[in-house]
file start09.txt (compact mmCIF, C-alpha atoms)
# COMPACT_ATOMS: atom_id res chain seq x y z
CA TYR A 27 -16.81 49.37 8.79
CA GLU A 28 -13.03 49.51 8.24
CA ALA A 29 -13.59 51.41 5.01
CA GLY A 30 -12.27 54.68 6.44
CA SER A 31 -14.30 57.48 8.05
CA ASN A 32 -16.16 60.23 6.29
CA ALA A 33 -14.93 63.30 8.21
CA PRO A 34 -17.69 65.77 9.15
CA VAL A 35 -17.57 69.09 7.30
CA VAL A 36 -18.53 72.41 8.98
CA THR A 37 -19.64 75.35 6.86
CA GLY A 38 -20.42 78.92 7.94
CA ASN A 39 -17.62 79.16 10.51
CA TYR A 40 -16.70 82.58 9.27
CA GLY A 41 -14.63 83.48 12.27
CA ASP A 42 -12.54 80.27 12.03
CA ALA A 43 -13.25 79.57 15.67
CA GLU A 44 -12.66 76.21 17.37
CA VAL A 45 -15.31 73.59 16.70
CA THR A 46 -16.43 70.88 19.11
CA TYR A 47 -17.93 67.72 17.64
CA HIS A 48 -20.38 65.94 19.92
CA PHE A 49 -20.72 62.23 18.96
CA SER A 50 -23.19 59.86 20.59
CA GLY A 51 -24.91 56.65 19.67
CA LYS A 52 -24.99 52.90 20.10
CA GLN A 53 -22.72 50.28 18.59
CA ASN A 54 -24.18 47.08 17.16
CA ASP A 55 -23.06 45.18 20.24
CA SER A 56 -25.44 47.51 22.21
CA SER A 57 -22.54 49.40 23.77
CA PRO A 58 -23.22 53.15 24.10
CA TYR A 59 -20.83 55.56 22.42
CA SER A 60 -20.14 59.18 23.39
CA ASN A 61 -17.21 61.39 22.49
CA ASP A 62 -16.53 65.12 22.19
CA VAL A 63 -13.69 66.26 19.95
CA THR A 64 -12.50 69.86 19.74
CA ALA A 65 -10.49 70.92 16.70
CA THR A 66 -9.33 74.14 15.12
CA SER A 67 -11.18 75.42 12.12
CA GLY A 68 -10.33 73.62 8.90
CA THR A 69 -8.81 70.58 10.67
CA SER A 70 -10.15 67.20 9.58
CA LEU A 71 -10.79 64.63 12.26
CA SER A 72 -8.71 61.45 12.28
CA ASP A 73 -10.17 57.93 12.25
CA ALA A 74 -9.30 57.62 15.94
CA GLN A 75 -11.43 60.68 16.78
CA VAL A 76 -14.66 59.42 15.25
CA PRO A 77 -16.73 56.28 15.88
CA SER A 78 -15.15 53.16 14.34
CA GLN A 79 -17.51 50.30 15.23
CA ALA A 80 -20.57 49.55 13.15
CA GLY A 81 -23.65 51.09 14.68
CA ASN A 82 -26.05 54.05 14.70
CA TYR A 83 -24.79 57.49 15.70
CA THR A 84 -25.67 61.19 15.85
CA LEU A 85 -23.50 64.28 15.66
CA TYR A 86 -24.02 67.91 16.56
CA ILE A 87 -21.48 70.68 16.82
CA SER A 88 -20.78 73.84 18.82
CA VAL A 89 -18.56 76.74 17.69
CA GLU A 90 -16.59 78.99 20.03
CA GLU A 91 -16.58 82.78 19.77
CA SER A 92 -14.18 83.96 17.09
CA ALA A 93 -10.86 85.28 18.24
CA ASP A 94 -11.61 88.77 16.94
CA GLY A 95 -14.92 88.84 18.77
CA ASN A 96 -16.86 89.50 15.60
CA PHE A 97 -18.67 86.14 15.69
CA ALA A 98 -20.41 84.89 18.78
CA ALA A 99 -20.38 81.29 19.92
CA SER A 100 -23.12 79.09 18.51
CA SER A 101 -24.35 75.56 19.00
CA MET A 102 -26.43 73.10 16.96
CA GLN A 103 -29.26 71.84 19.07
CA ALA A 104 -28.95 68.19 20.03
CA GLU A 105 -32.50 67.65 18.83
CA SER A 106 -31.44 68.56 15.31
CA ALA A 107 -28.24 66.48 15.33
CA ALA A 108 -27.19 64.74 12.10
CA ALA A 109 -27.75 60.97 12.19
CA PHE A 110 -25.38 58.61 10.43
CA VAL A 111 -24.70 54.86 10.31
CA ILE A 112 -21.51 52.85 10.12
CA GLU A 113 -22.59 49.83 8.15
CA ARG A 114 -21.32 46.29 8.71
CA ALA A 115 -18.60 45.24 6.27
CA SER A 116 -19.61 42.55 3.80
CA VAL A 117 -18.10 39.03 3.82
CA ARG A 118 -18.50 36.65 0.92
CA THR A 119 -20.30 33.40 1.63
CA PRO A 120 -17.67 30.68 1.01
CA VAL A 121 -18.09 28.82 -2.27
CA LYS A 122 -16.97 25.22 -2.79
CA GLY A 123 -14.25 24.96 -5.39
CA VAL A 124 -13.29 28.60 -4.86
CA ASP A 125 -12.90 29.19 -1.15
CA TYR A 126 -12.70 25.59 0.02
CA ALA A 127 -12.25 22.23 -1.64
CA ASP A 128 -13.60 18.71 -1.34
CA LEU A 129 -11.13 16.13 -0.03
CA THR A 130 -10.10 12.64 -1.11
CA TYR A 131 -10.26 9.54 1.09
CA SER A 132 -6.99 8.97 2.95
CA ALA A 133 -8.00 6.44 5.64
CA LYS A 134 -7.50 9.22 8.16
CA ALA A 135 -9.89 11.71 9.74
CA GLN A 136 -10.07 14.95 7.75
CA SER A 137 -11.72 18.35 8.10
CA VAL A 138 -12.51 21.02 5.55
CA THR A 139 -10.73 24.38 5.75
CA ILE A 140 -11.32 27.81 4.21
CA SER A 141 -8.40 28.80 2.00
CA ALA A 142 -9.53 32.17 0.61
CA THR A 143 -7.35 34.91 2.15
CA ASP A 144 -10.15 37.50 2.16
CA ILE A 145 -12.41 35.22 4.20
CA LYS A 146 -10.44 32.80 6.35
CA ASP A 147 -9.42 35.36 9.00
CA LEU A 148 -12.99 36.66 9.35
CA VAL A 149 -14.82 33.39 9.96
CA ASN A 150 -14.83 30.41 12.26
CA VAL A 151 -15.16 26.93 10.76
CA THR A 152 -16.82 24.17 12.77
CA CYS A 153 -16.29 20.82 11.10
CA THR A 154 -16.46 17.36 12.64
CA PRO A 155 -13.50 15.33 11.31
CA GLN A 156 -14.64 12.54 9.01
CA THR A 157 -12.91 9.49 7.53
CA ASN A 158 -15.19 7.73 5.07
CA ALA A 159 -16.07 8.92 1.61
CA ASP A 160 -19.43 10.69 1.78
CA THR A 161 -21.09 14.12 1.77
CA TYR A 162 -21.01 16.10 5.01
CA GLN A 163 -21.98 19.48 6.45
CA PHE A 164 -19.82 22.05 8.17
CA THR A 165 -20.72 25.38 9.76
CA VAL A 166 -19.10 28.70 9.00
CA SER A 167 -19.78 31.66 11.32
CA LEU A 168 -18.67 35.25 11.42
CA LYS A 169 -16.05 35.95 14.06
CA ASP A 170 -17.46 39.46 14.55
CA LYS A 171 -21.18 39.58 13.86
CA TYR A 172 -21.42 43.20 15.07
CA ASN A 173 -19.16 44.60 12.40
CA TYR A 174 -19.55 42.07 9.57
CA GLU A 175 -22.42 40.53 7.67
CA TRP A 176 -22.77 38.05 4.80
CA ASP A 177 -23.03 39.45 1.29
CA THR A 178 -26.64 38.36 0.86
CA THR A 179 -29.53 40.40 -0.48
CA VAL A 180 -31.80 40.18 2.54
CA SER A 181 -33.07 43.51 3.82
CA GLU A 182 -31.78 43.01 7.33
CA ALA A 183 -28.24 42.23 8.28
CA ASP A 184 -27.48 38.55 7.62
CA THR A 185 -25.15 37.36 10.35
CA ALA A 186 -26.55 33.87 10.87
CA ASN A 187 -24.29 30.81 10.74
CA LYS A 188 -24.07 29.10 7.34
CA ASN A 189 -24.28 25.31 6.89
CA LEU A 190 -22.30 24.32 3.83
CA SER A 191 -21.68 20.94 2.24
CA TRP A 192 -18.34 19.24 1.64
CA GLU A 193 -17.37 15.84 0.41
CA ILE A 194 -14.73 13.16 0.88
CA LYS A 195 -14.36 11.57 -2.53
CA GLN A 196 -13.38 7.99 -3.31
CA PHE A 197 -9.64 7.37 -3.72
CA THR A 198 -9.17 6.17 -7.30
CA GLU A 199 -5.48 5.25 -7.46
CA THR A 200 -5.48 2.24 -5.14
CA ALA A 201 -2.52 -0.05 -5.84
CA ILE A 202 -0.95 -3.28 -4.61
CA THR A 203 2.83 -3.04 -4.77
CA ALA A 204 5.83 -5.24 -3.96
CA LEU A 205 3.83 -8.48 -4.22
CA SER A 206 6.09 -11.50 -3.83
CA VAL A 207 6.05 -15.16 -2.78
CA ALA A 208 9.31 -16.84 -1.76
CA ASN A 209 10.01 -20.11 -3.56
CA TRP A 210 9.85 -23.29 -1.51
CA GLU A 211 10.97 -26.86 -1.93
CA TYR A 212 8.54 -29.69 -2.47
CA GLY A 213 7.72 -31.23 0.90
CA SER A 214 8.13 -27.96 2.81
CA GLY A 215 6.32 -24.62 2.79
CA PRO A 216 4.01 -23.12 1.87
CA ASN A 217 5.19 -19.51 1.93
CA ILE A 218 2.65 -16.73 2.40
CA PRO A 219 2.51 -13.84 -0.10
CA VAL A 220 4.10 -10.58 1.02
CA PHE A 221 2.62 -7.32 -0.24
CA GLU A 222 2.25 -3.58 0.20
CA TRP A 223 -0.76 -1.52 -0.72
CA THR A 224 -1.86 2.10 -0.60
CA PHE A 225 -3.42 2.05 2.88
CA LYS A 226 -1.60 -0.87 4.50
CA SER A 227 -0.38 1.13 7.50
CA GLU A 228 -3.81 2.65 8.15
CA LEU A 229 -5.93 -0.43 7.29
CA SER A 230 -3.72 -3.27 8.48
CA SER A 231 -6.66 -5.66 8.75
CA VAL A 232 -7.37 -5.49 5.02
CA THR A 233 -5.62 -8.29 3.13
CA PRO A 234 -5.96 -9.36 -0.49
CA GLN A 235 -7.89 -12.32 -1.78
CA TYR A 236 -5.42 -14.67 -3.47
CA THR A 237 -6.03 -16.81 -6.55
CA TYR A 238 -3.41 -19.38 -7.57
CA TYR A 239 -2.60 -20.98 -10.92
CA TYR A 240 -0.32 -23.93 -11.71
CA ASP A 241 1.51 -24.13 -15.03
CA LYS A 242 0.71 -27.80 -15.48
CA ASN A 243 1.66 -27.71 -19.18
CA GLY A 244 5.01 -26.07 -18.50
CA ASP A 245 4.46 -23.54 -21.30
CA GLY A 246 4.73 -20.38 -19.20
CA THR A 247 1.04 -19.54 -19.50
CA TYR A 248 -1.73 -19.74 -16.91
CA SER A 249 -5.23 -20.43 -18.15
CA ASP A 250 -8.48 -20.65 -16.22
CA SER A 251 -8.23 -24.42 -16.47
CA GLU A 252 -5.05 -24.23 -14.40
CA LEU A 253 -6.77 -22.49 -11.48
CA LEU A 254 -5.87 -24.09 -8.15
CA THR A 255 -8.33 -24.73 -5.34
CA PRO A 256 -7.25 -24.78 -2.58
CA ALA A 257 -3.96 -22.86 -2.44
CA PRO A 258 -0.73 -24.83 -3.00
CA ASP A 259 0.86 -26.49 0.01
CA SER A 260 3.81 -28.71 0.89
CA GLN A 261 2.45 -31.56 -1.24
CA SER A 262 1.72 -29.52 -4.34
CA PRO A 263 3.76 -30.64 -7.34
CA ALA A 264 7.03 -28.99 -8.16
CA GLY A 265 6.72 -26.43 -10.93
CA ASN A 266 5.86 -22.85 -11.81
CA TYR A 267 2.97 -21.00 -10.17
CA LYS A 268 1.22 -17.64 -10.42
CA VAL A 269 -0.69 -15.82 -7.71
CA VAL A 270 -3.13 -12.96 -8.31
CA ALA A 271 -3.85 -10.65 -5.36
CA LEU A 272 -7.10 -8.68 -5.30
CA ILE A 273 -8.31 -6.05 -2.84
CA ALA A 274 -11.97 -5.40 -3.48
CA GLY A 275 -13.04 -1.80 -3.88
CA ASN A 276 -15.67 0.00 -1.84
CA ALA A 277 -17.04 3.51 -1.40
CA ASN A 278 -13.71 4.66 0.02
CA TYR A 279 -11.26 3.29 -2.55
CA THR A 280 -11.25 1.50 -5.87
CA GLU A 281 -10.29 -2.11 -6.51
CA ALA A 282 -6.59 -3.00 -6.77
CA SER A 283 -4.87 -6.10 -8.12
CA ALA A 284 -1.39 -7.41 -8.84
CA GLU A 285 0.22 -10.71 -9.78
CA THR A 286 3.55 -12.46 -9.48
CA THR A 287 5.07 -15.90 -10.08
CA PHE A 288 6.97 -18.28 -7.86
CA VAL A 289 8.43 -21.78 -8.03
CA ILE A 290 8.01 -24.94 -5.98
CA THR A 291 11.40 -26.51 -6.54
CA ARG A 292 12.09 -30.25 -6.66
CA GLN A 293 13.29 -31.85 -3.45
CA GLY A 294 16.91 -32.96 -3.58
CA VAL A 295 17.60 -36.71 -3.43
CA ALA A 296 21.07 -38.07 -2.67
CA ILE A 297 22.66 -39.97 -5.54
CA PRO A 298 22.86 -43.65 -4.48
CA GLN A 299 25.94 -45.87 -4.91
CA ILE A 300 26.26 -49.50 -5.93
CA THR A 301 27.10 -51.61 -2.89
CA GLY A 302 28.82 -55.02 -2.77
CA SER A 303 30.57 -57.05 -5.49
CA TYR A 304 29.05 -59.75 -7.67
CA THR A 305 30.41 -63.02 -9.09
CA TYR A 306 28.83 -65.34 -11.59
CA SER A 307 26.87 -68.10 -9.88
CA GLY A 308 24.58 -69.31 -12.60
CA GLU A 309 21.69 -67.59 -10.79
CA GLU A 310 20.09 -64.19 -11.50
CA ILE A 311 21.76 -61.44 -9.46
CA ILE A 312 19.97 -58.27 -8.29
CA VAL A 313 22.32 -55.39 -7.63
CA ALA A 314 22.08 -53.55 -4.28
CA ILE A 315 22.27 -49.76 -3.75
CA SER A 316 23.25 -47.63 -0.77
CA SER A 317 19.71 -46.28 -0.16
CA PRO A 318 17.34 -49.21 -0.61
CA ASP A 319 14.50 -47.44 1.21
CA SER A 320 14.47 -44.74 -1.47
CA LEU A 321 13.46 -47.18 -4.19
CA GLY A 322 9.82 -46.74 -4.99
CA LYS A 323 9.73 -43.49 -2.95
CA TYR A 324 12.05 -41.10 -4.73
CA TYR A 325 13.08 -43.10 -7.79
CA GLU A 326 12.54 -46.44 -9.52
CA VAL A 327 14.56 -48.89 -11.59
CA VAL A 328 14.15 -48.61 -15.33
CA GLY A 329 13.39 -51.99 -16.81
CA ASN A 330 15.52 -54.87 -15.47
CA SER A 331 18.73 -52.84 -15.36
CA ASP A 332 19.29 -53.97 -11.75
CA LYS A 333 19.41 -57.67 -12.77
CA GLY A 334 22.00 -59.84 -14.45
CA THR A 335 23.08 -63.51 -14.72
CA ASN A 336 26.15 -63.83 -16.87
CA ALA A 337 29.52 -62.31 -16.09
CA GLY A 338 29.93 -58.90 -17.69
CA ASN A 339 29.37 -55.14 -17.38
CA TYR A 340 25.92 -53.76 -16.66
CA THR A 341 24.30 -50.32 -16.24
CA LEU A 342 21.74 -49.67 -13.52
CA VAL A 343 19.29 -46.93 -14.64
CA LEU A 344 17.29 -45.06 -11.96
CA ARG A 345 14.40 -42.75 -12.83
CA LEU A 346 13.12 -40.04 -10.46
CA ILE A 347 9.49 -40.12 -9.37
CA GLY A 348 7.72 -36.76 -9.89
CA ASN A 349 8.92 -34.00 -7.59
CA TYR A 350 12.57 -34.80 -7.00
CA ALA A 351 15.98 -33.88 -8.41
CA TRP A 352 19.39 -35.46 -7.97
CA LEU A 353 21.11 -33.70 -5.09
CA GLU A 354 24.39 -31.93 -5.85
CA ALA A 355 24.01 -32.59 -9.56
CA THR A 356 23.50 -29.76 -12.03
CA ASP A 357 23.69 -29.51 -15.78
CA ALA A 358 25.87 -27.13 -17.77
CA ASN A 359 23.42 -24.30 -17.10
CA GLY A 360 23.31 -24.89 -13.36
CA ASN A 361 19.82 -26.39 -13.44
CA ASP A 362 18.69 -29.35 -11.37
CA VAL A 363 19.34 -32.71 -12.97
CA THR A 364 16.08 -34.59 -13.21
CA GLY A 365 16.90 -37.12 -15.94
CA ASP A 366 17.70 -40.81 -15.56
CA LEU A 367 20.78 -41.69 -13.50
CA SER A 368 23.13 -44.40 -14.83
CA LEU A 369 25.35 -46.39 -12.45
CA SER A 370 27.79 -49.02 -13.74
CA TRP A 371 28.10 -52.42 -12.11
CA ARG A 372 29.72 -55.75 -12.98
CA ILE A 373 29.31 -59.52 -12.55
CA MET A 374 32.77 -61.03 -12.37
CA ARG A 375 33.67 -64.46 -13.74
CA GLN A 376 33.64 -67.36 -11.32
CA GLY A 377 37.15 -68.74 -10.53
CA VAL A 378 38.00 -72.49 -11.22
CA GLY A 379 41.03 -74.68 -10.24
CA LYS A 380 43.93 -75.17 -12.70
CA PRO A 381 43.94 -78.79 -14.13
CA GLN A 382 47.03 -81.16 -13.75
CA ILE A 383 48.15 -84.26 -15.76
CA THR A 384 48.67 -87.35 -13.56
CA GLY A 385 52.09 -89.00 -13.64
CA TYR A 386 53.88 -85.79 -14.14
CA ASP A 387 57.42 -86.17 -12.84
CA GLY A 388 57.84 -82.52 -12.11
CA ASP A 389 60.70 -82.32 -14.57
CA GLY A 390 58.82 -82.02 -17.81
CA GLY A 391 58.16 -85.74 -18.25
CA TYR A 392 55.56 -88.29 -17.43
CA ILE A 393 56.04 -91.74 -15.78
CA TYR A 394 54.52 -94.78 -17.40
CA GLN A 395 52.89 -96.92 -14.79
CA ASP A 396 52.23 -100.52 -15.79
CA GLY A 397 50.36 -99.68 -18.88
CA GLU A 398 47.96 -97.28 -17.17
CA PRO A 399 46.85 -94.40 -19.38
CA ILE A 400 48.09 -90.95 -18.62
CA SER A 401 45.22 -88.62 -17.55
CA VAL A 402 44.69 -84.94 -16.75
CA GLN A 403 43.74 -84.20 -13.17
CA TYR A 404 41.41 -81.28 -12.55
call {"tool": "encode", "arguments": {"input": "start09.txt", "output": "structure tokens"}}
result
Amino acid sequence: YEAGSNAPVVTGNYGDAEVTYHFSGKQNDSSPYSNDVTATSGTSLSDAQVPSQAGNYTLYISVEESADGNFAASSMQAESAAAFVIERASVRTPVKGVDYADLTYSAKAQSVTISATDIKDLVNVTCTPQTNADTYQFTVSLKDKYNYEWDTTVSEADTANKNLSWEIKQFTETAITALSVANWEYGSGPNIPVFEWTFKSELSSVTPQYTYYYDKNGDGTYSDSELLTPAPDSQSPAGNYKVVALIAGNANYTEASAETTFVITRQGVAIPQITGSYTYSGEEIIVAISSPDSLGKYYEVVGNSDKGTNAGNYTLVLRLIGNYAWLEATDANGNDVTGDLSLSWRIMRQGVGKPQITGYDGDGGYIYQDGEPISVQY
């Protein structure tokens, strides 16, 4: 079939008379075939003039009387007609890795296709779309079973449908990308990790498992002993943290992990001011500040630097408690100031009245009064 016809050859037509070819038979689809073709001597029949479909046929011929009358008409008897067969054309059975390929998991439904150019237009592929990694079956059938057959070695024409295997393989390049956690200030938060991964749009319900570490030693490393359980929250200490994100693997895709660091910053505390003025009284004086409620909450007094008795200059030293930094105060590198804060204060001298000498005449002299001694009046 479709290999070109073998034109019938007539011998013994000595008078070169016209020849009629009588074709009859049955095509493989059970349709009868009959056709008579008349041609001049020596003329080959075209493909269109002979049977073209695969099937079983017979041919006999009749020859007209020659033009010169020397040769009478003759005819082959139908009973002695020549039998011939147009065989089905052969189609290769598709081979995995040659004519079609296994697929890789994509989180979407997929179907196998035949790629070989000498096969794909001759067959129908019936394949149920599949999503998960596994081994499946698909069916390949001949589009025209009457004119084509599989290239098998069975004695009879093999036109039956073929069940072939195909596979969706595990995706092996799973990755978590763009993992980040926004910093937050002590007392607020926490912020949830943000991430992308290979199949996030298709498998939106899949989220990583997060493991947190706290750099309690402040050395930039995160050991197993610094593992946090549970996750950090608004009351977790200020400092440096690491989070490891893990998406567990399965039959469809391999495991993926990523890590990143973030910071819980210190909460800003307003710098207090010394309030009031202080004068020597002989008693111990405790200096007052503008934010008394913050003492013992955000910072504490170092030693007895808030106390004094004698007149003079003093320095109040305040030390932050844990997770705080002085608000609007940065060092030369722009970092939060977390060291002790020194505020100057003073106890002024107590004022006393100026003494006077009794008997003073107001003109630089003193008046003697009946032998009374002259005294200084305070």
call {"tool": "closest_residue", "arguments": {"input": "start09.txt", "among": "A:Ser141, A:Gln156, A:Leu229, A:Asn173", "to": "Val124 (chain A)", "atoms": "all atoms listed in the file"}}
result
A:Ser141
call {"tool": "closest_residue", "arguments": {"input": "start09.txt", "among": "A:Val327, A:Leu168, A:Ala282, A:Ala33", "to": "Ser116 (chain A)", "atoms": "only C-alpha atoms"}}
result
A:Leu168
call {"tool": "residues_around", "arguments": {"input": "start09.txt", "residues": "Val270 (chain A)", "least_positions_apart": "4", "cutoff": "8 Å", "atoms": "all atoms listed in the file", "output": "list of chain:residue names"}}
result
A:Tyr236, A:Thr237, A:Tyr238, A:Ser283, A:Ala284, A:Glu285, A:Thr286
call {"tool": "atom_distance", "arguments": {"input": "start09.txt", "atom1": "CA of Asn189 (chain A)", "atom2": "CA of Thr143 (chain A)"}}
result
20.0 Å
call {"tool": "residues_around", "arguments": {"input": "start09.txt", "residues": "Ala201 (chain A)", "least_positions_apart": "2", "cutoff": "12 Å", "atoms": "only C-alpha atoms", "output": "VMD selection string"}}
result
chain A and resid 197 to 199 203 to 205 221 to 226 234 271 to 275 279 to 285
call {"tool": "write_last_selection", "arguments": {"input": "start09.txt", "atoms": "C-alpha atoms", "output": "CSV table (one decimal), in the coordinates of the input"}}
result
chain,number,residue,atom,x,y,z
A,197,PHE,CA,-9.6,7.4,-3.7
A,198,THR,CA,-9.2,6.2,-7.3
A,199,GLU,CA,-5.5,5.2,-7.5
A,203,THR,CA,2.8,-3.0,-4.8
A,204,ALA,CA,5.8,-5.2,-4.0
A,205,LEU,CA,3.8,-8.5,-4.2
A,221,PHE,CA,2.6,-7.3,-0.2
A,222,GLU,CA,2.2,-3.6,0.2
A,223,TRP,CA,-0.8,-1.5,-0.7
A,224,THR,CA,-1.9,2.1,-0.6
A,225,PHE,CA,-3.4,2.0,2.9
A,226,LYS,CA,-1.6,-0.9,4.5
A,234,PRO,CA,-6.0,-9.4,-0.5
A,271,ALA,CA,-3.8,-10.6,-5.4
A,272,LEU,CA,-7.1,-8.7,-5.3
A,273,ILE,CA,-8.3,-6.0,-2.8
A,274,ALA,CA,-12.0,-5.4,-3.5
A,275,GLY,CA,-13.0,-1.8,-3.9
A,279,TYR,CA,-11.3,3.3,-2.6
A,280,THR,CA,-11.2,1.5,-5.9
A,281,GLU,CA,-10.3,-2.1,-6.5
A,282,ALA,CA,-6.6,-3.0,-6.8
A,283,SER,CA,-4.9,-6.1,-8.1
A,284,ALA,CA,-1.4,-7.4,-8.8
A,285,GLU,CA,0.2,-10.7,-9.8
call {"tool": "atom_distance", "arguments": {"input": "start09.txt", "atom1": "CA of Ser262 (chain A)", "atom2": "CA of Ser231 (chain A)"}}
result
28.5 Å
call {"tool": "closest_residue", "arguments": {"input": "start09.txt", "among": "A:Ser70, A:Thr157, A:Ser57, A:Ser50", "to": "Glu228 (chain A)", "atoms": "all atoms listed in the file"}}
result
A:Thr157
call {"tool": "build_atoms", "arguments": {"input": "start09.txt", "residues": "region 118-133 of chain A", "atoms": "N, CA, C and O atoms", "output": "mmCIF file, keeping the file's coordinate frame"}}
result
data_model
loop_
_atom_site.group_PDB
_atom_site.id
_atom_site.type_symbol
_atom_site.label_atom_id
_atom_site.label_comp_id
_atom_site.auth_asym_id
_atom_site.auth_seq_id
_atom_site.Cartn_x
_atom_site.Cartn_y
_atom_site.Cartn_z
ATOM 1 N N ARG A 118 -17.969 37.600 1.892
ATOM 2 C CA ARG A 118 -18.500 36.650 0.920
ATOM 3 C C ARG A 118 -18.858 35.316 1.596
ATOM 4 O O ARG A 118 -18.125 34.821 2.441
ATOM 5 N N THR A 119 -19.976 34.754 1.193
ATOM 6 C CA THR A 119 -20.300 33.400 1.630
ATOM 7 C C THR A 119 -19.352 32.429 0.929
ATOM 8 O O THR A 119 -19.241 32.461 -0.302
ATOM 9 N N PRO A 120 -18.641 31.569 1.657
ATOM 10 C CA PRO A 120 -17.670 30.680 1.010
ATOM 11 C C PRO A 120 -18.309 29.788 -0.045
ATOM 12 O O PRO A 120 -19.431 29.288 0.132
ATOM 13 N N VAL A 121 -17.603 29.613 -1.139
ATOM 14 C CA VAL A 121 -18.090 28.820 -2.270
ATOM 15 C C VAL A 121 -17.166 27.628 -2.458
ATOM 16 O O VAL A 121 -15.940 27.781 -2.520
ATOM 17 N N LYS A 122 -17.776 26.425 -2.566
ATOM 18 C CA LYS A 122 -16.970 25.220 -2.790
ATOM 19 C C LYS A 122 -16.262 25.311 -4.143
ATOM 20 O O LYS A 122 -16.831 25.723 -5.134
ATOM 21 N N GLY A 123 -15.033 24.905 -4.161
ATOM 22 C CA GLY A 123 -14.250 24.960 -5.390
ATOM 23 C C GLY A 123 -13.537 26.279 -5.589
ATOM 24 O O GLY A 123 -12.671 26.390 -6.452
ATOM 25 N N VAL A 124 -13.936 27.286 -4.790
ATOM 26 C CA VAL A 124 -13.290 28.600 -4.860
ATOM 27 C C VAL A 124 -12.620 28.927 -3.536
ATOM 28 O O VAL A 124 -11.427 29.231 -3.482
ATOM 29 N N ASP A 125 -13.402 28.835 -2.477
ATOM 30 C CA ASP A 125 -12.900 29.190 -1.150
ATOM 31 C C ASP A 125 -12.538 27.978 -0.298
ATOM 32 O O ASP A 125 -11.819 28.095 0.689
ATOM 33 N N TYR A 126 -13.066 26.838 -0.642
ATOM 34 C CA TYR A 126 -12.700 25.590 0.020
ATOM 35 C C TYR A 126 -12.886 24.456 -0.969
ATOM 36 O O TYR A 126 -13.581 24.609 -1.983
ATOM 37 N N ALA A 127 -12.251 23.328 -0.683
ATOM 38 C CA ALA A 127 -12.250 22.230 -1.640
ATOM 39 C C ALA A 127 -12.700 20.936 -0.982
ATOM 40 O O ALA A 127 -12.513 20.718 0.217
ATOM 41 N N ASP A 128 -13.311 20.058 -1.806
ATOM 42 C CA ASP A 128 -13.600 18.710 -1.340
ATOM 43 C C ASP A 128 -12.278 17.969 -1.130
ATOM 44 O O ASP A 128 -11.235 18.336 -1.691
ATOM 45 N N LEU A 129 -12.320 16.906 -0.341
ATOM 46 C CA LEU A 129 -11.130 16.130 -0.030
ATOM 47 C C LEU A 129 -11.248 14.733 -0.616
ATOM 48 O O LEU A 129 -12.312 14.313 -1.064
ATOM 49 N N THR A 130 -10.138 14.007 -0.607
ATOM 50 C CA THR A 130 -10.100 12.640 -1.110
ATOM 51 C C THR A 130 -9.794 11.682 0.042
ATOM 52 O O THR A 130 -8.976 12.001 0.913
ATOM 53 N N TYR A 131 -10.432 10.521 0.016
ATOM 54 C CA TYR A 131 -10.260 9.540 1.090
ATOM 55 C C TYR A 131 -8.783 9.242 1.318
ATOM 56 O O TYR A 131 -8.012 9.038 0.374
ATOM 57 N N SER A 132 -8.380 9.232 2.594
ATOM 58 C CA SER A 132 -6.990 8.970 2.950
ATOM 59 C C SER A 132 -6.855 7.969 4.089
ATOM 60 O O SER A 132 -5.750 7.740 4.573
ATOM 61 N N ALA A 133 -7.973 7.380 4.508
ATOM 62 C CA ALA A 133 -8.000 6.440 5.640
ATOM 63 C C ALA A 133 -7.684 7.126 6.956
ATOM 64 O O ALA A 133 -7.431 6.470 7.954
#
